[in-house]
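First up is the structure itself, then whatever we jot down about it.
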Amino acid sequence: MTVTVGTSAPRSDGDAKVSGAAVFGVDFSLPGMVYAQLLRSPVAAGRLMSIATGTAVSMDGVHAVVTAAEVPNERTGIVLFDMPLFATDYITYEGEPLAAVVAETPEIAKAALGAIEFEIEEQEPVATPEQALAPGARLVHPGWATFATMGNLEWPRDGNIVSETVADPGDVDAVFETADLVVEDVYGAPRQYQAYLEPKMALATYEAGRFTIHVSHQFPFNVRDRVAQTLGVPKSAVRVIGHHIGGAFGAKLDLGLEAYAAFLARRTGRPVKMVNTRQEDLLTAPCRENAVVKIRSAVDSAGKILALDVDVVFDSGAYAIDAPYLTSIPMFVFGSVYRVGTARVATRAVYTNTAPTGAFRGVSGTYLVFALERHMDHIANELGVNRRDYRLQALMDDGDEMLNGQILSDASILREAFEVLEERAPWAELGKDPLCGVGMAAAVWLTNPAPGQATVKLNEDGTLGVITAATDNGSGAVTMGVRQIAAEGLGLSADQVVVTMPDTDTAGYDAGSQGSRTTHVVGRAAFEATAEVKNSVLKTAATMLEAAEEDLVVEHGEVHVTGDRSSRVTLAEVAATAMFTEGPIAATGSYTTPIPAFNPTCATGMLLPTWPTPTYHLHIAEVEVDPVTGNVIVLRYLVAQEVGKTINPQGVAGQIQGGVAQGLGYALWERLDIEGGKYVQRSLETYGLPLAVDVPDVEAVLLQHEASAGPYGAKGVAEPPIVPVAGAIANAVADAIGRPIDKIPITPEAVLDALEG
Amino acid sequence: MQFHRAQTLDEALDLLGELGDDALVLAGGTDAVIQYLAGEIAPEAFVHIEGIEDLTTVSLNHRTTLGPLVTHRVLATDEVIGAVHPALAASARTVGGWQTQAVGTIGGNICNASPAADTVPPLLVADAYVTLASRRGRRRLALMDFFLDRRQTVMDPDEMLTAIDLDPLPRGSGEVYLKVGRRGAMEVALVGMAVRIGFAADGTVDSARIALCSVAPTPRRVPDAEKALIGSRLDGGVFDAAGEALRAAACPIDDARASASYRRRTLGGLLERAAIQCREAVTS
Ligand SMILES: Cc1cc2nc3c(=O)[nH]c(=O)nc-3n(C[C@H](O)[C@H](O)[C@H](O)COP(=O)(O)OP(=O)(O)OC[C@H]3O[C@@H](n4cnc5c(N)ncnc54)[C@H](O)[C@@H]3O)c2cc1C
């Protein structure tokens with residue numbers, strides 16, 4: 001029996017966030033602070049012919065103006081070193097930094113930006129991946145071949161192709177020759193802006209040879225490493241302190257403004273604060289990548305898929321960021337849900353003269369699942385069979401192998417998901433009214449395995465302190481998850497545990513809030529540390545109570561002898577006693593998910609070779625289409641999600657509701673069109689985030705299989721609820737109108753076009 | 001920038017008389033402040049009128065008179081107003097979100113002269129008139145004649161909108177406002193359509209008024225479409241003819257929200273939906 005784990009304990013930052021007391025990064029300030037702003041390129045592509053800062057520098061209240069010439073401007077990156085701080089001779093996207101101003105006030109900084117004189121010879125932008133791949137296309141980075149990589153890692157890349165991953169077993173074409181039916185589709189997906197409430201910020205100081213950077217960032221240790229790399233200083237010269245994060249969704253994993261603020265703090269000797277305007281943020285955030293997915297299946301007369309041939313091209317924008325990792329993802333998505341026979345999956349990430357794309361909750365999975373699940377509907381319709389039955393016969397089973405050779409030992413959980421939703425909402429009864437439709441989409445998603453650490457100490461009042469650099473990006477992974485896990489270890493309630501905010505000087509390494517890893521990985525580290533603390537407690541208490549350790553029980557903030565609650569000491573007394581006998585009680589736990597076995601020769605360019613700690617998902621959507629406006633109304637939305645173990649039911653429900661809302665935005669409303677390398681929608685007003693009035697209450701059924709290595713069996717929860725949404729919605733809309741939907745977002749115009757055939 | 005707070009209409013008119021060209025009236029500020037911060041307008045002074053109690057009144061007689069400071073929230077939720085001006089109430093419910101409705105005023109919606117002002121089509125089908133006042137005097141004119149172009153009106157710099165008067169919905173008539181937007185709130189209308197139809201006892205249409213926003217620089221009535229409905233029983237090919245007239249009257253733009261062709265192609269279906277809802281409102 002657990003006392004805290006499994007309950008909806010309130011999050012520790014809840015009151016402060018609701019009352020407005022919480023200090024987010026943008027709210028944080030220091031005495032003597034000055035303000036920096038970036039001059040950003042107004043064009044998508046061009047040659048920077050000249051830049052003159054004299055007038056700006058001489059303005060009252062201006063502390064410094066710097067350009068590429070005055071900063072360490074080596075190209076850096078997380079895996080491909082292609083990005084300088086400032087454009088030097090050529091400009092690669094609208095919004096690329098050209099110079100920075102530091103001034104006494106934001107107003108002066110803005111005025112000084114306007115006083116910088118520069119001349120750009122505009123070029124025709126390489127605006128789309130198609131243009132970038134065309135024969136004779138201009139190279140976005142003429143010097144691409146000279147770019148260094150992390151650890152001299154190599155992978156296939158060429159000209160405008162940032163990275164290519166190809167899984168090709170060699171027999172695919174031959175199998176297609178034998179097919180009774182070949183089904184072929186092309187799907188398109190747009191960019192998606194993370195659209196967090198708090199724009200990117202950084203506040204840096206430089207004292208005694210060290211940088212301190214205040215951030216609201218998902219991955220403080222990456223800020224440390226990347227600032228050190230960018231400025232050419234040791235990692236130990238950079239300290240990163242995390243504050244409350246006003247949303248991130250993947251956009252705050254790599255550097256934003258931090259290196260600029262750090263450099264300018266050293267340059268001016270003052271604390272330097274930078275905050276993006278909303279428009280800067282929208283124009284330069286590492287949005288989810290736009291992509292085109294071509295998919296072809298060879299099907300036999302019984303409807304079985306014999307072979308799959310997939311070609312994915314996605315837009316990396318002007319720089320790589322994490323694209324070389326993302327090119328591995330299609331081979332997992334296309335080979336983890338349904339038996340697809342032999343499969344060739346080729347993926348290319350391509351440079352264009354647009355803002356660099358990057359991580360967004362459910363990286364690449366949103367449009368890959370959309371493509372796969374639309375395609376499954378297409379095959380079923382082509383065969384004239386029930387779409388649900390068609391999926392059921394194709395589902396993978398326990399022990400089946402993914403395309404990377406990794407064994408899915410618990411794949412049958414997905415079949416269970418089909419069953420529980422069938423009980424809740426029978427498929428045959430949904431979407432029956434005129435212009436209504438139903439769609440489903442399934443997914444298998446990973447839990448990010450990267451390392452984390454937690455130190456747990458017993459305070460002298462019998463409460464626990466947890467020191468970790470794990471960040472709570474708003475999901476509750478720390479303020480509920482890690483906290484409840486530590487509390488559970490000593491039978492305490494969650495409010496008897498205080499978890500620190502991240503600080504790279506005081507806490508051990510943490511790989512950031514990404515890929516639903518925090519509860520699983522850091523929770524496991526906290527679980528182990530707390531177990532060790534408990535051992536120390538028992539040891540000290542045994543001496544105090546003159547009893548054997550194995551006869552002791554820790555509960556309700558005290559230790560007592562089994563069956564005899566009169567013989568007891570409080571945790572506070574234990575902590576105080578230990579202080580002068582064994583020394584203060586504390587322990588550190590570390591964890592990183594062991595990498596599953598896989599076949600290293602299954603693909604070329606596979607920088608992300610495995611899909612650790614998989615979780616299973618089924619989404620069903622019921623929609624209605626308005627034939628006059630083409631609008632789609634979501635009538636009902638159901639989710640079955642495998643979570644391992646629910647640590648906090650309210651937290652899980654919130655993540656599922658939020659993930660689905662974000663997925664609905666992606667599928668139906670959010671819009672980021674690109675014309676001539678520039679975004680057409682340039683504010684949240686036209687961008688079109690989902691609204692509470694349009695998002696139904698999501699009905700979620702949680703499946704718990706407590707077998708994982710996570711704390712109490714918990715697996716990753718928060719990232720995947722966005723992944724299947726576009727697929728389920730597109731299938732439902734296609735069902736409602738009796739015509740295919742091949743592109744997201746599903747605009748009213750596209751619906752009317754499809755209706756009119 | 002100067003900021004003047006007027007407590008009475010006289011004070012406001014004095015200030016406008018003195019400051020003239022340099023001043024701008026500020027009501028709820030949900031348009032003006034955003035335009036100011038975006039650098040689209042740069043008045044030297046704001047004359048804040050939100051505190052003038054006399055301009056918040058509603059009087060319901062054979063004509064309804066609304067003070068310019070009546071908020072969208074009042075229009076949206078007041079049951080008495082809603083009973084005689086259902087289309088106006090419906091349009092107010094579509095303005096932004098609750099926050100915008102609580103602060104934004106009908107006077108601001110009119111005077112801002114946006115092509116997408118939601119309350120204007122319902123006012124046009126209710127034959128609304130506006131009263132403008134200045135130190136020089138007062139004038140009353142048809143709302144139809146108030147708009148010159150996008151964000152341009154006949155109002156002089158020292159003038160202020162002080163009242164709007166309009167016809168309540170007569171017995172035997174129905175009216176609706178339909179707004180096309182991708183989401184259920186916070187949308188600038190892609191198309192807005194107000195329709196008021198009067199039916200004879202046998203169900204024939206004996207009067208029809210149709211007004212549109214977001215399809216032209218200013219909101220407008222569409223007399224040809226109205227004529228197409230009159231005398232019909234909303235059957236046969238009337239909606240083809242009326243839809244054709246609507247499309248002919250519309251000159252929408254392509255923008256980041258929707259294409260011109262999309263706006264145009266919704267018009268026929270919207271009118272049919274609106275007309276049928278008008279009939280249902282009368283018969284129910
Ligand atoms: C988030 C958001 C969403 C919105 N959504 C919608 C929407 O869906 N539909 C819609 O139609 N509008 C929308 N608007 C615009 C705005 O809310 C409305 O137009 C509102 O009615 C304006 O009223 P206000 O009192 O705030 O006007 P203000 O901003 O105070 O004034 C607007 C203009 O009218 C002038 N003015 C105001 N009152 C008078 C007067 N009595 N005499 C002379 N001039 C006057 C001002 O000088 C100014 O030029 C939205 C705005 C926001 C911020």
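Ligands are numbered from 1 in the order shown, chains are lettered A, B, ... in the order of the structure tokens, and residues start at 1 in each chain.
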DSSP strand (DSSP E) selection over segment 4-112 of chain B, as a list in words: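 Secondary structure check on segment 4-112 of chain B, strand (DSSP E): His4, Arg5, Ala23, Leu24, Val25, Leu26, Ala45, Phe46, Val47, His48, Val58, Ser59, Leu60, Thr64, Thr65 and Leu66 of chain B.
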Within 8 Å of ligand 1 (only C-alpha atoms and all ligand atoms), residues as a PyMOL selection string: chain B and resi 24-34+49-50+68-69+71-72+92+94-97+99-101+103-114+116-119+132+155+159-162+185-189
Write out the residues from the selection above, keeping C-alpha atoms, as a PDB file, in the first residue's frame.
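part.pdb was written with the following content:
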```pdb
ATOM      1  CA  LEU B  24      -8.496  60.499 -29.360  1.00  0.00           C
ATOM      2  CA  VAL B  25     -11.473  59.228 -27.418  1.00  0.00           C
ATOM      3  CA  LEU B  26     -10.685  56.190 -25.289  1.00  0.00           C
ATOM      4  CA  ALA B  27     -13.566  53.981 -24.179  1.00  0.00           C
ATOM      5  CA  GLY B  28     -12.701  50.372 -23.196  1.00  0.00           C
ATOM      6  CA  GLY B  29      -9.385  50.685 -24.994  1.00  0.00           C
ATOM      7  CA  THR B  30      -9.493  47.172 -26.453  1.00  0.00           C
ATOM      8  CA  ASP B  31      -8.841  48.546 -29.916  1.00  0.00           C
ATOM      9  CA  ALA B  32      -7.193  51.880 -29.211  1.00  0.00           C
ATOM     10  CA  VAL B  33      -4.570  50.707 -26.731  1.00  0.00           C
ATOM     11  CA  ILE B  34      -3.472  47.868 -28.985  1.00  0.00           C
ATOM     12  CA  ILE B  49     -14.715  58.516 -21.358  1.00  0.00           C
ATOM     13  CA  GLU B  50     -15.289  55.173 -19.660  1.00  0.00           C
ATOM     14  CA  PRO B  68     -22.008  54.167 -26.558  1.00  0.00           C
ATOM     15  CA  LEU B  69     -20.483  52.776 -23.365  1.00  0.00           C
ATOM     16  CA  THR B  71     -20.440  46.854 -23.063  1.00  0.00           C
ATOM     17  CA  HIS B  72     -20.599  43.689 -25.104  1.00  0.00           C
ATOM     18  CA  ALA B  92     -21.770  40.635 -28.775  1.00  0.00           C
ATOM     19  CA  THR B  94     -18.826  36.496 -30.362  1.00  0.00           C
ATOM     20  CA  VAL B  95     -16.603  39.493 -29.610  1.00  0.00           C
ATOM     21  CA  GLY B  96     -13.216  38.168 -28.463  1.00  0.00           C
ATOM     22  CA  GLY B  97     -13.540  36.396 -25.143  1.00  0.00           C
ATOM     23  CA  GLN B  99     -12.488  39.622 -20.902  1.00  0.00           C
ATOM     24  CA  THR B 100     -12.860  41.585 -24.139  1.00  0.00           C
ATOM     25  CA  GLN B 101     -16.628  41.650 -23.772  1.00  0.00           C
ATOM     26  CA  VAL B 103     -14.384  45.940 -21.279  1.00  0.00           C
ATOM     27  CA  GLY B 104     -15.161  46.574 -24.955  1.00  0.00           C
ATOM     28  CA  THR B 105     -18.056  48.879 -25.805  1.00  0.00           C
ATOM     29  CA  ILE B 106     -20.498  49.098 -28.652  1.00  0.00           C
ATOM     30  CA  GLY B 107     -19.440  52.682 -29.296  1.00  0.00           C
ATOM     31  CA  GLY B 108     -15.843  51.597 -29.642  1.00  0.00           C
ATOM     32  CA  ASN B 109     -16.835  48.775 -31.953  1.00  0.00           C
ATOM     33  CA  ILE B 110     -18.643  51.241 -34.229  1.00  0.00           C
ATOM     34  CA  CYS B 111     -16.146  54.107 -34.095  1.00  0.00           C
ATOM     35  CA  ASN B 112     -13.140  51.879 -34.645  1.00  0.00           C
ATOM     36  CA  ALA B 113     -14.700  51.227 -38.071  1.00  0.00           C
ATOM     37  CA  SER B 114     -13.087  47.870 -38.546  1.00  0.00           C
ATOM     38  CA  ALA B 116     -14.842  43.049 -39.097  1.00  0.00           C
ATOM     39  CA  ALA B 117     -16.837  44.834 -36.375  1.00  0.00           C
ATOM     40  CA  ASP B 118     -19.260  42.173 -35.205  1.00  0.00           C
ATOM     41  CA  THR B 119     -22.014  44.364 -33.806  1.00  0.00           C
ATOM     42  CA  LEU B 132     -22.661  62.591 -32.938  1.00  0.00           C
ATOM     43  CA  MET B 155     -16.896  61.819 -37.478  1.00  0.00           C
ATOM     44  CA  GLU B 159     -17.016  64.923 -32.299  1.00  0.00           C
ATOM     45  CA  MET B 160     -18.086  61.995 -30.211  1.00  0.00           C
ATOM     46  CA  LEU B 161     -20.630  59.252 -30.602  1.00  0.00           C
ATOM     47  CA  THR B 162     -23.225  59.775 -27.878  1.00  0.00           C
ATOM     48  CA  ALA B 185     -14.061  32.617 -29.624  1.00  0.00           C
ATOM     49  CA  MET B 186     -11.206  35.084 -30.079  1.00  0.00           C
ATOM     50  CA  GLU B 187     -11.727  35.258 -33.801  1.00  0.00           C
ATOM     51  CA  VAL B 188     -11.741  38.222 -36.115  1.00  0.00           C
ATOM     52  CA  ALA B 189     -14.782  37.430 -38.269  1.00  0.00           C
TER      53      ALA B 189
END
```
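Within the 12 Å cut-off around Gly268 of chain B, using only C-alpha atoms and omitting residues fewer than 4 positions from it on the same chain, the listed residues are A:Pro627, A:Val628, A:Thr629, B:Val191, B:Met193, B:Ala225, B:Gly237, B:Val238, B:Phe239, B:Asp240, B:Ala241, B:Ala242, B:Gly243, B:Glu244, B:Ala245, B:Leu246, B:Arg247, B:Ala248, B:Ala250, B:Tyr262, B:Arg263, B:Arg264, B:Glu272, B:Arg273, B:Ala274, B:Ala275.
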Among the residues A:Met606, A:Ala736, A:Val634, A:Leu672, the one that comes closest to Asn290 of chain A [using only C-alpha atoms]: A:Leu672
At a cut-off of 8 Å, can you tabulate as CSV every residue of chain B near chain A together with its closest atom pair and the distance in Å to one decimal, using only C-alpha atoms and ordering rows by chain then number?
```
residue,atom,partner,partner_atom,distance
B:Val180,CA,A:Thr629,CA,6.7
B:Arg182,CA,A:Asn631,CA,6.3
B:Arg183,CA,A:Asp694,CA,6.6
B:Gly184,CA,A:Asp694,CA,6.0
B:Ala185,CA,A:Val693,CA,7.2
B:Ala256,CA,A:Gln681,CA,5.7
B:Arg257,CA,A:Thr686,CA,6.1
B:Tyr262,CA,A:Glu749,CA,6.1
B:Thr266,CA,A:Val628,CA,5.8
B:Gly269,CA,A:Val628,CA,5.3
B:Leu270,CA,A:Val628,CA,6.4
```
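For segment 278-284 of chain A, the residues within 7 Å (counting only C-alpha atoms, excluding itself and residues fewer than 6 positions away along the chain) are A:Gly95, A:Tyr193, A:Pro199, A:Lys200, A:Ala355, A:Arg682, A:Ser683.
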Residues flagged helix (DSSP H, G or I) by DSSP in segment 540-596 of chain A, as a ChimeraX atom specification: /A:540-545,549-551,571-579
Residue contacts of Ala541 of chain A (7 Å, only C-alpha atoms) excluding same-chain residues fewer than 3 positions away, as a list in words: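 Here the qualifying residues turn out to be Val537, Leu538, Met544, Leu545, Val559 and Val574 of chain A.
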Written selection (all heavy atoms) as a short mmCIF file (atom, residue, chain, number, x, y, z; two decimals), in the first residue's frame:
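The result, stored in part.cif:
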```
data_model
loop_
_atom_site.label_atom_id
_atom_site.label_comp_id
_atom_site.auth_asym_id
_atom_site.auth_seq_id
_atom_site.Cartn_x
_atom_site.Cartn_y
_atom_site.Cartn_z
N VAL A 537 18.08 5.65 8.48
CA VAL A 537 17.09 5.91 9.54
C VAL A 537 16.92 4.66 10.39
O VAL A 537 16.93 4.71 11.63
CB VAL A 537 15.74 6.34 8.91
CG1 VAL A 537 14.61 6.25 9.94
CG2 VAL A 537 15.84 7.75 8.35
N LEU A 538 16.77 3.52 9.74
CA LEU A 538 16.55 2.27 10.47
C LEU A 538 17.75 1.96 11.35
O LEU A 538 17.61 1.51 12.50
CB LEU A 538 16.29 1.12 9.48
CG LEU A 538 14.93 1.20 8.75
CD1 LEU A 538 14.84 0.11 7.70
CD2 LEU A 538 13.78 1.09 9.75
N MET A 544 18.60 3.47 18.85
CA MET A 544 17.80 4.25 19.81
C MET A 544 16.75 3.39 20.50
O MET A 544 16.49 3.55 21.69
CB MET A 544 17.10 5.43 19.09
CG MET A 544 18.07 6.50 18.58
SD MET A 544 17.25 7.65 17.45
CE MET A 544 16.32 8.64 18.60
N LEU A 545 16.12 2.48 19.75
CA LEU A 545 15.02 1.69 20.29
C LEU A 545 15.50 0.34 20.84
O LEU A 545 14.70 -0.45 21.34
CB LEU A 545 13.95 1.44 19.22
CG LEU A 545 13.20 2.68 18.73
CD1 LEU A 545 12.35 2.34 17.51
CD2 LEU A 545 12.34 3.26 19.85
N VAL A 559 9.37 6.04 13.60
CA VAL A 559 9.83 4.67 13.46
C VAL A 559 9.37 3.93 14.71
O VAL A 559 9.57 4.42 15.82
CB VAL A 559 11.38 4.60 13.38
CG1 VAL A 559 11.83 3.18 13.06
CG2 VAL A 559 11.91 5.60 12.36
N VAL A 574 15.30 10.91 15.16
CA VAL A 574 16.30 10.08 14.47
C VAL A 574 17.33 10.98 13.78
O VAL A 574 18.55 10.78 13.89
CB VAL A 574 15.63 9.14 13.44
CG1 VAL A 574 16.69 8.40 12.61
CG2 VAL A 574 14.72 8.14 14.16
#
```
Option closest in space to Phe527 of chain A, from A:Gln453, A:Thr347, A:Ser29, A:Thr366 [counting only C-alpha atoms]: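 Of all the options, A:Gln453 lies closest to Phe527 of chain A.
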Please list as a CSV table (one decimal) with N, CA and C atoms, in the first residue's frame every residue within 12 Å of Ser59 of chain B, counting only C-alpha atoms and excluding residues in the same chain fewer than 4 positions away.
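The resulting selection.csv:
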```
chain,number,residue,atom,x,y,z
B,54,ASP,N,-23.6,58.6,-17.8
B,54,ASP,CA,-24.8,58.9,-18.7
B,54,ASP,C,-24.7,58.1,-20.0
B,55,LEU,N,-23.5,57.7,-20.4
B,55,LEU,CA,-23.3,57.1,-21.7
B,55,LEU,C,-23.4,55.5,-21.6
B,63,ARG,N,-38.3,52.8,-30.4
B,63,ARG,CA,-36.9,52.6,-30.8
B,63,ARG,C,-36.1,52.3,-29.6
B,64,THR,N,-35.0,51.5,-29.8
B,64,THR,CA,-34.1,51.3,-28.7
B,64,THR,C,-33.0,52.3,-28.7
B,65,THR,N,-32.6,52.8,-27.6
B,65,THR,CA,-31.5,53.7,-27.6
B,65,THR,C,-30.4,53.2,-26.7
B,66,LEU,N,-29.2,53.1,-27.2
B,66,LEU,CA,-28.1,52.6,-26.5
B,66,LEU,C,-27.0,53.6,-26.3
B,67,GLY,N,-26.5,53.8,-25.1
B,67,GLY,CA,-25.4,54.7,-24.8
B,67,GLY,C,-24.2,54.0,-25.4
B,70,VAL,N,-22.2,51.1,-23.5
B,70,VAL,CA,-22.8,49.8,-23.2
B,70,VAL,C,-21.8,48.7,-23.6
B,80,VAL,N,-33.5,41.2,-21.3
B,80,VAL,CA,-34.5,42.1,-21.9
B,80,VAL,C,-33.9,42.6,-23.3
B,81,ILE,N,-32.7,43.0,-23.4
B,81,ILE,CA,-32.1,43.4,-24.6
B,81,ILE,C,-32.1,42.2,-25.6
B,84,VAL,N,-35.4,41.6,-27.6
B,84,VAL,CA,-35.8,42.4,-28.7
B,84,VAL,C,-34.7,42.6,-29.7
B,163,ALA,N,-25.0,58.4,-28.9
B,163,ALA,CA,-26.1,57.5,-28.8
B,163,ALA,C,-26.3,56.7,-30.1
B,164,ILE,N,-26.9,55.5,-29.9
B,164,ILE,CA,-27.2,54.7,-31.1
B,164,ILE,C,-28.7,54.4,-30.9
B,165,ASP,N,-29.5,54.6,-32.0
B,165,ASP,CA,-30.9,54.2,-31.8
B,165,ASP,C,-31.3,53.2,-33.0
B,166,LEU,N,-32.1,52.3,-32.7
B,166,LEU,CA,-32.4,51.2,-33.6
B,166,LEU,C,-33.8,50.6,-33.4
B,167,ASP,N,-34.2,49.9,-34.4
B,167,ASP,CA,-35.6,49.3,-34.3
B,167,ASP,C,-35.5,47.9,-33.6
B,168,PRO,N,-36.3,47.8,-32.6
B,168,PRO,CA,-36.4,46.4,-32.0
B,168,PRO,C,-37.0,45.4,-33.1
```
Distance query Ser134 of chain B at most 9 Å, only C-alpha atoms, self and fewer than 5 positions along chain excluded, as an MDAnalysis selection string: chainID B and resid 13:14 16:17 156 158:160
Closest of A:Glu582, A:Asp742, A:Glu198, A:Glu622 to Gly246 of chain A - atom-to-atom distances counting only C-alpha atoms: A:Glu198
Straight-line distance linking atom CA of Ala323 of chain A with atom CA of Ile656 of chain A, stated in Å to one decimal: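 For atom CA of Ala323 of chain A relative to atom CA of Ile656 of chain A, the distance reads 26.3 Å.
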d(atom CA of Val186 of chain A, atom CA of Phe249 of chain A) in Å: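 Spanning atom CA of Val186 of chain A to atom CA of Phe249 of chain A is a straight-line distance of 27.7 Å.
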Point-to-point distance from atom CA of Arg47 of chain A to atom CA of Glu117 of chain A, Å rounded to tenths: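 Interatomic distance, atom CA of Arg47 of chain A to atom CA of Glu117 of chain A: 14.6 Å.
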